[in-house]
Each structure stands twice: as C-alpha cells, then as structure tokens.
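Peer 1: Structure file coords_37.csv (CSV, C-alpha atoms) is given on the next line.
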chain,number,residue,atom,x,y,z
A,374,MET,CA,-37.5,-18.5,-38.1
A,375,ARG,CA,-35.3,-21.4,-39.1
A,376,PHE,CA,-37.2,-24.7,-39.0
A,377,LYS,CA,-35.5,-27.6,-37.4
A,378,ALA,CA,-38.4,-30.1,-37.1
A,379,VAL,CA,-41.5,-31.2,-39.0
A,380,LEU,CA,-44.5,-32.5,-37.3
A,381,ILE,CA,-46.5,-34.4,-39.9
A,382,ASP,CA,-49.8,-36.1,-40.1
A,383,ILE,CA,-49.9,-39.4,-42.0
A,384,ASP,CA,-53.5,-40.2,-43.1
A,385,ASN,CA,-54.1,-38.5,-46.4
A,386,THR,CA,-50.8,-36.6,-46.0
A,387,LEU,CA,-48.2,-39.4,-46.3
A,388,PHE,CA,-50.5,-42.4,-46.7
A,389,HIS,CA,-53.4,-42.4,-49.2
A,390,PHE,CA,-55.7,-43.3,-46.4
A,391,ASP,CA,-58.9,-43.1,-48.5
A,392,GLU,CA,-57.6,-45.7,-50.9
A,393,SER,CA,-56.4,-48.0,-48.2
A,394,SER,CA,-59.6,-47.6,-46.3
A,395,TYR,CA,-61.7,-48.4,-49.4
A,396,LYS,CA,-59.7,-51.6,-50.0
A,397,ALA,CA,-60.0,-52.6,-46.4
A,398,LEU,CA,-63.7,-52.0,-46.3
A,399,LYS,CA,-64.2,-53.9,-49.5
A,400,LYS,CA,-62.5,-57.0,-48.0
A,401,ALA,CA,-64.3,-56.7,-44.7
A,402,PHE,CA,-67.7,-56.4,-46.4
A,403,ALA,CA,-66.9,-59.3,-48.7
A,404,ALA,CA,-66.7,-61.5,-45.6
A,405,TYR,CA,-70.3,-60.6,-44.9
A,406,GLY,CA,-71.3,-61.3,-48.5
A,407,VAL,CA,-71.7,-57.6,-49.4
A,408,GLU,CA,-70.2,-56.1,-52.6
A,409,PHE,CA,-68.9,-52.8,-51.3
A,410,THR,CA,-68.9,-50.1,-54.0
A,411,ARG,CA,-67.3,-46.7,-54.5
A,412,VAL,CA,-70.7,-45.1,-54.0
A,413,MET,CA,-71.2,-46.9,-50.7
A,414,PHE,CA,-67.7,-45.8,-49.7
A,415,HIS,CA,-68.6,-42.1,-50.4
A,416,ASP,CA,-71.7,-42.5,-48.1
A,417,TYR,CA,-69.6,-44.2,-45.4
A,418,GLU,CA,-66.9,-41.6,-45.6
A,419,ALA,CA,-69.3,-38.8,-44.9
A,420,LEU,CA,-70.6,-40.6,-41.8
A,421,ASN,CA,-67.0,-41.5,-40.7
A,422,ASP,CA,-65.9,-37.9,-41.1
A,423,HIS,CA,-68.8,-36.8,-38.9
A,424,TYR,CA,-67.7,-39.2,-36.1
A,425,TRP,CA,-64.0,-38.1,-36.3
A,426,LYS,CA,-65.1,-34.5,-36.0
A,427,LEU,CA,-67.0,-35.5,-32.8
A,428,PHE,CA,-63.9,-37.1,-31.5
A,429,GLU,CA,-61.8,-34.1,-32.3
A,430,ARG,CA,-64.2,-32.0,-30.2
A,431,GLY,CA,-64.1,-34.5,-27.4
A,432,GLU,CA,-67.8,-35.4,-27.8
A,433,ILE,CA,-67.3,-39.1,-28.3
A,434,GLU,CA,-64.8,-41.7,-26.9
A,435,ARG,CA,-62.4,-43.4,-29.3
A,436,ALA,CA,-63.7,-46.9,-28.5
A,437,ARG,CA,-67.3,-45.9,-29.1
A,438,LEU,CA,-66.4,-44.1,-32.4
A,439,PHE,CA,-64.9,-47.2,-33.9
A,440,TYR,CA,-67.9,-49.4,-33.6
A,441,GLU,CA,-70.8,-46.9,-33.6
A,442,ARG,CA,-69.9,-45.6,-37.0
A,443,PHE,CA,-70.5,-49.1,-38.4
A,444,ASP,CA,-73.6,-49.8,-36.4
A,445,VAL,CA,-75.2,-46.6,-37.8
A,446,TYR,CA,-74.0,-47.4,-41.3
A,447,PHE,CA,-75.3,-51.0,-41.1
A,448,ALA,CA,-78.7,-49.7,-40.1
A,449,ARG,CA,-78.7,-47.4,-43.2
A,450,ILE,CA,-78.0,-50.3,-45.6
A,451,GLY,CA,-80.0,-52.9,-43.8
A,452,LEU,CA,-77.1,-55.2,-42.8
A,453,LYS,CA,-77.3,-57.2,-39.6
A,454,ALA,CA,-73.8,-57.2,-38.2
A,455,ASP,CA,-71.9,-56.3,-35.1
A,456,GLY,CA,-70.0,-53.1,-35.3
A,457,LYS,CA,-67.3,-54.1,-32.9
A,458,GLU,CA,-66.6,-57.4,-34.8
A,459,PHE,CA,-66.6,-55.6,-38.2
A,460,ASP,CA,-64.3,-52.8,-37.0
A,461,HIS,CA,-61.8,-55.4,-35.8
A,462,LEU,CA,-61.8,-57.1,-39.2
A,463,TYR,CA,-61.6,-53.7,-41.0
A,464,ARG,CA,-58.6,-52.6,-39.0
A,465,ILE,CA,-56.8,-55.8,-39.6
A,466,HIS,CA,-57.1,-55.2,-43.4
A,467,LEU,CA,-56.4,-51.5,-43.0
A,468,SER,CA,-53.1,-52.3,-41.2
A,469,GLU,CA,-52.0,-53.9,-44.4
A,470,GLY,CA,-52.8,-50.8,-46.5
A,471,TYR,CA,-49.6,-49.1,-47.6
A,472,ASP,CA,-50.9,-46.8,-50.4
A,473,LEU,CA,-48.8,-43.7,-50.3
A,474,MET,CA,-49.5,-40.1,-51.5
A,475,PRO,CA,-47.5,-38.9,-54.5
A,476,HIS,CA,-43.9,-38.0,-53.5
A,477,ALA,CA,-44.3,-39.1,-49.9
A,478,VAL,CA,-41.1,-41.2,-49.9
A,479,GLU,CA,-39.2,-38.5,-51.9
A,480,LEU,CA,-40.2,-35.9,-49.2
A,481,LEU,CA,-39.1,-38.1,-46.3
A,482,GLN,CA,-35.8,-38.9,-48.1
A,483,ALA,CA,-35.1,-35.2,-48.6
A,484,LEU,CA,-36.0,-34.4,-44.9
A,485,HIS,CA,-34.0,-37.3,-43.5
A,486,GLY,CA,-30.8,-36.1,-41.7
A,487,LYS,CA,-31.6,-32.4,-42.2
A,488,TYR,CA,-34.7,-32.0,-40.0
A,489,LYS,CA,-36.3,-33.9,-37.2
A,490,VAL,CA,-39.5,-35.6,-38.4
A,491,PHE,CA,-42.2,-36.5,-36.0
A,492,VAL,CA,-45.5,-38.2,-36.8
A,493,VAL,CA,-48.6,-36.7,-35.2
A,494,THR,CA,-51.8,-38.7,-35.8
A,495,ASN,CA,-55.2,-39.4,-34.3
A,496,GLY,CA,-55.3,-42.9,-35.9
A,497,ASP,CA,-55.4,-46.2,-34.1
A,498,ALA,CA,-52.0,-47.0,-32.7
A,499,MET,CA,-51.9,-50.7,-33.8
A,500,THR,CA,-52.9,-49.8,-37.3
A,501,GLN,CA,-50.6,-46.9,-37.7
A,502,ASP,CA,-47.6,-48.8,-36.3
A,503,ALA,CA,-48.3,-51.6,-38.7
A,504,ARG,CA,-48.6,-49.4,-41.7
A,505,ILE,CA,-45.5,-47.4,-41.0
A,506,GLU,CA,-43.5,-50.6,-40.5
A,507,GLY,CA,-45.0,-52.3,-43.5
A,508,ALA,CA,-44.4,-49.4,-45.8
A,509,GLY,CA,-40.8,-49.1,-44.6
A,510,LEU,CA,-41.2,-45.5,-43.4
A,511,GLY,CA,-40.1,-46.0,-39.8
A,512,LYS,CA,-36.5,-45.2,-40.6
A,513,TYR,CA,-37.4,-41.7,-41.6
A,514,PHE,CA,-39.2,-40.8,-38.3
A,515,ASP,CA,-37.6,-39.5,-35.1
A,516,GLY,CA,-40.8,-40.2,-33.2
A,517,VAL,CA,-44.4,-41.3,-33.7
A,518,PHE,CA,-47.1,-39.7,-31.6
A,519,VAL,CA,-50.5,-41.4,-31.8
A,520,SER,CA,-53.4,-39.9,-29.8
A,521,GLU,CA,-54.3,-43.2,-28.3
A,522,ARG,CA,-50.9,-43.4,-26.6
A,523,VAL,CA,-50.5,-39.7,-25.9
A,524,GLY,CA,-53.8,-39.5,-24.1
A,525,TYR,CA,-55.1,-36.5,-26.0
A,526,GLN,CA,-56.1,-36.0,-29.6
A,527,LYS,CA,-55.5,-33.3,-32.2
A,528,PRO,CA,-56.4,-30.4,-32.2
A,529,ASP,CA,-56.2,-30.3,-28.4
A,530,LYS,CA,-53.3,-28.2,-27.2
A,531,ALA,CA,-52.6,-30.9,-24.6
A,532,PHE,CA,-51.7,-33.3,-27.4
A,533,PHE,CA,-49.0,-31.0,-28.7
A,534,ASP,CA,-47.8,-30.1,-25.2
A,535,ALA,CA,-47.2,-33.8,-24.6
A,536,VAL,CA,-45.3,-34.0,-27.9
A,537,PHE,CA,-43.0,-31.1,-27.0
A,538,ALA,CA,-42.6,-32.4,-23.5
A,539,ALA,CA,-41.2,-35.6,-25.1
A,540,ILE,CA,-39.0,-34.1,-27.9
A,541,GLY,CA,-38.0,-30.9,-26.1
A,542,GLU,CA,-39.9,-27.7,-25.6
A,543,GLU,CA,-37.2,-25.8,-27.6
A,544,TYR,CA,-38.7,-27.4,-30.8
A,545,ARG,CA,-41.9,-25.5,-30.4
A,546,ALA,CA,-40.2,-22.4,-31.7
A,547,CYS,CA,-38.8,-24.1,-34.8
A,548,SER,CA,-41.3,-26.7,-35.9
A,549,LEU,CA,-43.7,-26.7,-38.9
A,550,LEU,CA,-46.9,-28.7,-38.7
A,551,VAL,CA,-48.0,-30.4,-41.9
A,552,GLY,CA,-51.3,-32.0,-42.5
A,553,ASP,CA,-54.5,-32.3,-44.7
A,554,SER,CA,-57.1,-31.5,-42.0
A,555,LEU,CA,-58.2,-28.0,-41.2
A,556,SER,CA,-60.0,-29.0,-38.0
A,557,SER,CA,-57.4,-31.4,-36.7
A,558,ASP,CA,-54.0,-30.3,-38.1
A,559,MET,CA,-54.4,-26.6,-38.8
A,560,GLN,CA,-56.4,-25.8,-35.8
A,561,GLY,CA,-54.1,-28.0,-33.8
A,562,GLY,CA,-51.1,-25.9,-34.9
A,563,ARG,CA,-53.0,-22.7,-33.9
A,564,ASN,CA,-53.7,-24.2,-30.5
A,565,ALA,CA,-50.1,-25.2,-30.1
A,566,GLY,CA,-48.7,-21.9,-31.3
A,567,ILE,CA,-46.7,-23.3,-34.2
A,568,PRO,CA,-46.8,-22.5,-38.0
A,569,THR,CA,-48.9,-24.7,-40.2
A,570,CYS,CA,-48.7,-26.0,-43.7
A,571,PHE,CA,-51.9,-27.3,-45.3
A,572,TYR,CA,-51.6,-30.1,-47.8
A,573,GLY,CA,-54.6,-29.5,-50.1
A,574,SER,CA,-56.2,-27.0,-52.4
A,575,ARG,CA,-55.9,-23.3,-51.9
A,576,GLU,CA,-59.7,-23.0,-52.3
A,577,LYS,CA,-60.2,-25.0,-49.1
A,578,ALA,CA,-57.5,-23.2,-47.1
A,579,ASP,CA,-58.4,-20.6,-44.5
A,580,ASP,CA,-56.6,-18.3,-42.1
A,581,ARG,CA,-55.4,-21.2,-40.0
A,582,CYS,CA,-53.0,-22.1,-42.8
A,583,ASP,CA,-49.7,-20.3,-42.8
A,584,TYR,CA,-48.6,-22.2,-45.9
A,585,VAL,CA,-50.5,-24.2,-48.6
A,586,VAL,CA,-49.0,-26.9,-50.8
A,587,GLY,CA,-50.6,-29.0,-53.5
A,588,ASP,CA,-47.6,-31.3,-53.7
A,589,LEU,CA,-45.5,-32.7,-50.8
A,590,LEU,CA,-42.3,-31.6,-52.4
A,591,GLU,CA,-43.4,-28.0,-52.2
A,592,ILE,CA,-42.7,-28.2,-48.5
A,593,LEU,CA,-39.0,-28.3,-49.1
A,594,PRO,CA,-38.7,-24.7,-50.3
A,595,ILE,CA,-40.7,-23.5,-47.3
A,596,LEU,CA,-38.3,-25.1,-44.9
A,597,GLU,CA,-35.2,-24.0,-46.8
A,598,LYS,CA,-36.1,-20.4,-47.3
A,599,THR,CA,-36.6,-19.6,-43.6
What would you get if you wrote out this structure as structure tokens?
Peer 2:
Amino acid sequence: MRFKAVLIDIDNTLFHFDESSYKALKKAFAAYGVEFTRVMFHDYEALNDHYWKLFERGEIERARLFYERFDVYFARIGLKADGKEFDHLYRIHLSEGYDLMPHAVELLQALHGKYKVFVVTNGDAMTQDARIEGAGLGKYFDGVFVSERVGYQKPDKAFFDAVFAAIGEEYRACSLLVGDSLSSDMQGGRNAGIPTCFYGSREKADDRCDYVVGDLLEILPILEKT
C-alpha cells in the first residue's frame, strides 16, 4: 500500500491537550475562588475520561457530557457552582490553549505538500477551530472533521464514512489513521477498515494498532516505506 493521506487526531496527538486543559481549568476555578492543583486535575481527568468513554459508546449526549462532568466533580469537592456556566468559561480558556506535542509542527511541515492531511476529532467544534487557528496550524490541513459537525463520533464507522464521503472514497484504501486513543482512534480505524498508528507507549498498544510510535516524526518512515 502507498499512503496518500493521513487522518490525524489532535488532542494529545498534535496538541498537548492535558496541559492546555489544566491551564484552562486553573483559570476557570480561580474565577470561583478555588486554587486548582495538579492533584485535583488528576482526579478530574479520571472522571472526564469516563464521560468521554460514555460518549464514544453513544451512552451520553455531547451537551450533557460537557456540564454533567463538572456537576459531578463539584459534588465531590463540595463546590456550589453551575456545570453549564463553568463549562462555558472553561472552554473559552481552552480555546486559547496552544500547547503542542513535541515535533508536531515538524511533522506537519514534513507532510505538507506530500500527503493530504485531515483532522479527525471528537472535540468541541468552536474550541478546536480556535486552537487550530490560534496555533497557526490551519495551513497544514486539507480538511477538519469534528464530530459535532459530522453528526457522528469516533469510533463509529459512520463518522469515517462521512469523512470519506467528503474527501473521496478512494482515500479509504490509502489512508493512515494516527491518534493516541485506543478506544476512539484505533478502534475507529478498525471500524473504518483503515490502518492505524498509535501514538503512545508500546506497553499500552494492542492488536488494534498496526503501527506504534513514541515520537511523531517516527510516522514519516512508516509513510515513506510503503
């Protein structure tokens, strides 16, 4: 197979989402007079991950996910606040988070002009658009597919069917899916029938991962040798 396109996730693949999320939460909590710590962030992330897994399985609606995760977390820490209002404030700060993973720009520069590059993400459309523009990455992408606009979420096959319907079904046979999530990206690739590249440690990889890289630049030899 000769790859002609890369479908790439952005949160914790190109953007260092965890770092940007922590900074955004710290600012949002400060508005409520709460000193948000790394320990608190660790607890919140476990809860947030649980809710995104529910969303990936179609067990919770997007709008409900955004506020309920905070309502539940506030109950745990004894904070009286409205989850919807807090989520709005959090996402404003998050949209200004441009922290990037190591070699993200170098990878995109190397891919530019040689391969089609399409973003595939489950994130919030407004936030993702703002971060891509603010970080100056938009020029590297041939298309941005956000589940909120697509109408389906990863790993649903329907999400990827919609992507290929937009970019051309012929790309299904020559695309590589890159991402950091086993349940969203790697399973999504399996559902869509396209090869996958897991960005993470080999210890976490499973049989849904056709390739595994610990550095984004390791993707280049995979594309070039096929």
Peer 1: Can you build me a table of segment 414-510 of chain A residues sitting at most 6 Å from segment 376-400 of chain A, with the closest atom pair per residue and its distance in Å to one decimal, using all atoms listed in the file, sorted by chain and residue number, as JSON lines?
Peer 2:
{"residue": "A:Tyr463", "atom": "CA", "partner": "A:Ala397", "partner_atom": "CA", "distance": 5.7}
{"residue": "A:His466", "atom": "CA", "partner": "A:Ala397", "partner_atom": "CA", "distance": 4.9}
{"residue": "A:Leu467", "atom": "CA", "partner": "A:Ala397", "partner_atom": "CA", "distance": 5.1}
{"residue": "A:Gly470", "atom": "CA", "partner": "A:Ser393", "partner_atom": "CA", "distance": 4.9}
{"residue": "A:Asp472", "atom": "CA", "partner": "A:His389", "partner_atom": "CA", "distance": 5.2}
{"residue": "A:Leu473", "atom": "CA", "partner": "A:Phe388", "partner_atom": "CA", "distance": 4.2}
{"residue": "A:Met474", "atom": "CA", "partner": "A:His389", "partner_atom": "CA", "distance": 5.1}
{"residue": "A:Ala477", "atom": "CA", "partner": "A:Leu387", "partner_atom": "CA", "distance": 5.3}
{"residue": "A:Tyr488", "atom": "CA", "partner": "A:Ala378", "partner_atom": "CA", "distance": 5.1}
{"residue": "A:Lys489", "atom": "CA", "partner": "A:Ala378", "partner_atom": "CA", "distance": 4.3}
{"residue": "A:Val490", "atom": "CA", "partner": "A:Val379", "partner_atom": "CA", "distance": 4.9}
{"residue": "A:Phe491", "atom": "CA", "partner": "A:Leu380", "partner_atom": "CA", "distance": 4.8}
{"residue": "A:Val492", "atom": "CA", "partner": "A:Ile381", "partner_atom": "CA", "distance": 5.0}
{"residue": "A:Val493", "atom": "CA", "partner": "A:Asp382", "partner_atom": "CA", "distance": 5.1}
{"residue": "A:Thr494", "atom": "CA", "partner": "A:Asp382", "partner_atom": "CA", "distance": 5.4}
Peer 1: At a cut-off of 12 Å, can you tabulate as CSV every residue of segment 446-544 of chain A near segment 557-567 of chain A together with its closest atom pair and the distance in Å to one decimal, using all atoms listed in the file and ordering rows by chain then number?
Peer 2:
residue,atom,partner,partner_atom,distance
A:Val492,CA,A:Asp558,CA,11.7
A:Val493,CA,A:Asp558,CA,8.9
A:Thr494,CA,A:Asp558,CA,9.0
A:Asn495,CA,A:Ser557,CA,8.6
A:Gly496,CA,A:Ser557,CA,11.7
A:Ser520,CA,A:Ser557,CA,11.7
A:Tyr525,CA,A:Gly561,CA,11.6
A:Gln526,CA,A:Ser557,CA,8.6
A:Lys527,CA,A:Ser557,CA,5.2
A:Pro528,CA,A:Gly561,CA,3.7
A:Asp529,CA,A:Gly561,CA,6.2
A:Lys530,CA,A:Asn564,CA,5.2
A:Ala531,CA,A:Ala565,CA,8.3
A:Phe532,CA,A:Gly561,CA,8.6
A:Phe533,CA,A:Ala565,CA,6.1
A:Asp534,CA,A:Ala565,CA,7.3
A:Ala535,CA,A:Ala565,CA,10.6
A:Val536,CA,A:Ala565,CA,10.3
A:Phe537,CA,A:Ala565,CA,9.7
A:Glu542,CA,A:Ala565,CA,11.4
A:Glu543,CA,A:Ile567,CA,11.8
A:Tyr544,CA,A:Ile567,CA,9.6
Peer 1: Tell me, in Å to one decimal, how far atom CA of Pro475 of chain A is from atom CA of Phe414 of chain A.
Peer 2: 21.9 Å
Peer 1: Between A:Cys570, A:Leu589, A:Ser556, A:Leu550, which is the closest to Arg430 of chain A once you count all atoms listed in the file?
Peer 2: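 Once distances to Arg430 of chain A are computed over all atoms listed in the file, the minimum belongs to A:Ser556.
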Peer 1: State, in Å with one decimal place, the distance from atom CA of Asp588 of chain A to atom CA of Val412 of chain A.
Peer 2: 26.9 Å
